[in-house]
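Trainee: First, the structure itself, so that you have it in front of you.
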Amino acid sequence: MQAEVNQELCISCGACIDVCPEVFDWNDEEKAQTILDEVPDQLESQASEAAESCPTDAIVIN
Ligand code: SF4
């Protein structure tokens, strides 16, 4: 599974990073980004939860 943050939609609320810091972190533009190319199996539910917590639906899960 892969997760991607749409930089145009991210409003820097920090919810995804609170929910799943193993997968999401801030980038230099103070937007969230994915820090792992591939989400490990054991973090999939947490990453999905982070995507659901995003107020602007900026996180795309593939
Ligand atoms: S939850 Fe969504 S809007 Fe908030 S920091 Fe993460 S990607 Fe950006």
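Going by the structure tokens order, chains are called A, B, ..., each with residues numbered from 1, while ligands are numbered from 1 in the order shown.
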Find the nearest atom pair between each residue of chain A and ligand 1 for residues within 8 Å, count only C-alpha atoms and all ligand atoms, give distances in Å to one decimal, sort rows by chain and ascending number, and present the table as CSV.
Mentor:
residue,atom,partner,partner_atom_place_in_ligand_line,distance
A:Val5,CA,ligand 1,7 (S),5.6
A:Asn6,CA,ligand 1,7 (S),7.2
A:Gln7,CA,ligand 1,7 (S),7.7
A:Leu9,CA,ligand 1,3 (S),6.7
A:Cys10,CA,ligand 1,8 (Fe),3.6
A:Ile11,CA,ligand 1,3 (S),4.3
A:Ser12,CA,ligand 1,5 (S),3.9
A:Cys13,CA,ligand 1,4 (Fe),3.9
A:Gly14,CA,ligand 1,5 (S),3.9
A:Ala15,CA,ligand 1,1 (S),4.2
A:Cys16,CA,ligand 1,6 (Fe),4.2
A:Ile17,CA,ligand 1,6 (Fe),6.3
A:Phe24,CA,ligand 1,6 (Fe),7.6
A:Trp26,CA,ligand 1,5 (S),7.9
A:Lys31,CA,ligand 1,8 (Fe),6.0
A:Ala32,CA,ligand 1,5 (S),4.8
A:Gln33,CA,ligand 1,7 (S),7.2
A:Ala50,CA,ligand 1,1 (S),6.7
A:Ala51,CA,ligand 1,1 (S),6.8
A:Ser53,CA,ligand 1,1 (S),6.0
A:Cys54,CA,ligand 1,1 (S),3.6
A:Pro55,CA,ligand 1,2 (Fe),5.9
A:Thr56,CA,ligand 1,3 (S),5.6
A:Asp57,CA,ligand 1,2 (Fe),6.3
A:Ala58,CA,ligand 1,7 (S),5.1
A:Ile59,CA,ligand 1,7 (S),5.6
Trainee: DSSP says helix (DSSP H, G or I) for which residues of chain A? Put them as a PyMOL selection string?
Mentor: chain A and resi 15-19+41-53
Trainee: Using only C-alpha atoms, find the one residue out of A:Asp25, A:Val19, A:Asn62, A:Glu30 that sits nearest to A:Gln46.
Mentor: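 Smallest separation from A:Gln46 among the options: A:Val19.
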Trainee: Write down as a PyMOL selection string the residues of chain A whose backbone DSSP state falls under strand (DSSP E or B).
Mentor: chain A and resi 3-5+24-26+32-34+59-61
Trainee: Take the residues from that selection and put them in a file with C-alpha atoms, as a PDB file, in the first residue's frame.
Mentor:
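Heads up, here's the output in part_33.pdb:
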ATOM      1  CA  ALA A   3      -0.017   6.867   0.627  1.00  0.00           C
ATOM      2  CA  GLU A   4       0.384  10.247  -1.018  1.00  0.00           C
ATOM      3  CA  VAL A   5      -0.424  13.767   0.158  1.00  0.00           C
ATOM      4  CA  PHE A  24       3.557  11.200   7.652  1.00  0.00           C
ATOM      5  CA  ASP A  25       5.788  14.138   8.558  1.00  0.00           C
ATOM      6  CA  TRP A  26       6.215  17.809   7.674  1.00  0.00           C
ATOM      7  CA  ALA A  32       2.438  16.964   5.338  1.00  0.00           C
ATOM      8  CA  GLN A  33       4.245  14.410   3.207  1.00  0.00           C
ATOM      9  CA  THR A  34       4.704  10.662   3.143  1.00  0.00           C
ATOM     10  CA  ILE A  59      -4.355  11.864   1.399  1.00  0.00           C
ATOM     11  CA  VAL A  60      -4.667   9.332  -1.390  1.00  0.00           C
ATOM     12  CA  ILE A  61      -4.201   5.679  -0.533  1.00  0.00           C
TER      13      ILE A  61
END
Trainee: Please determine, counting only C-alpha atoms, which residue among A:Ser48, A:Leu43, A:Glu38, A:Glu8 has the shortest atom-to-atom distance to A:Glu22.
Mentor: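 Ranked by minimum distance to A:Glu22, first place goes to A:Leu43.
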Trainee: Which residue is closest to A:Glu52? Choose from A:Met1, A:Ile35, A:Asp28, A:Cys20 and count only C-alpha atoms.
Mentor: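 Once distances to A:Glu52 are computed over only C-alpha atoms, the minimum belongs to A:Cys20.
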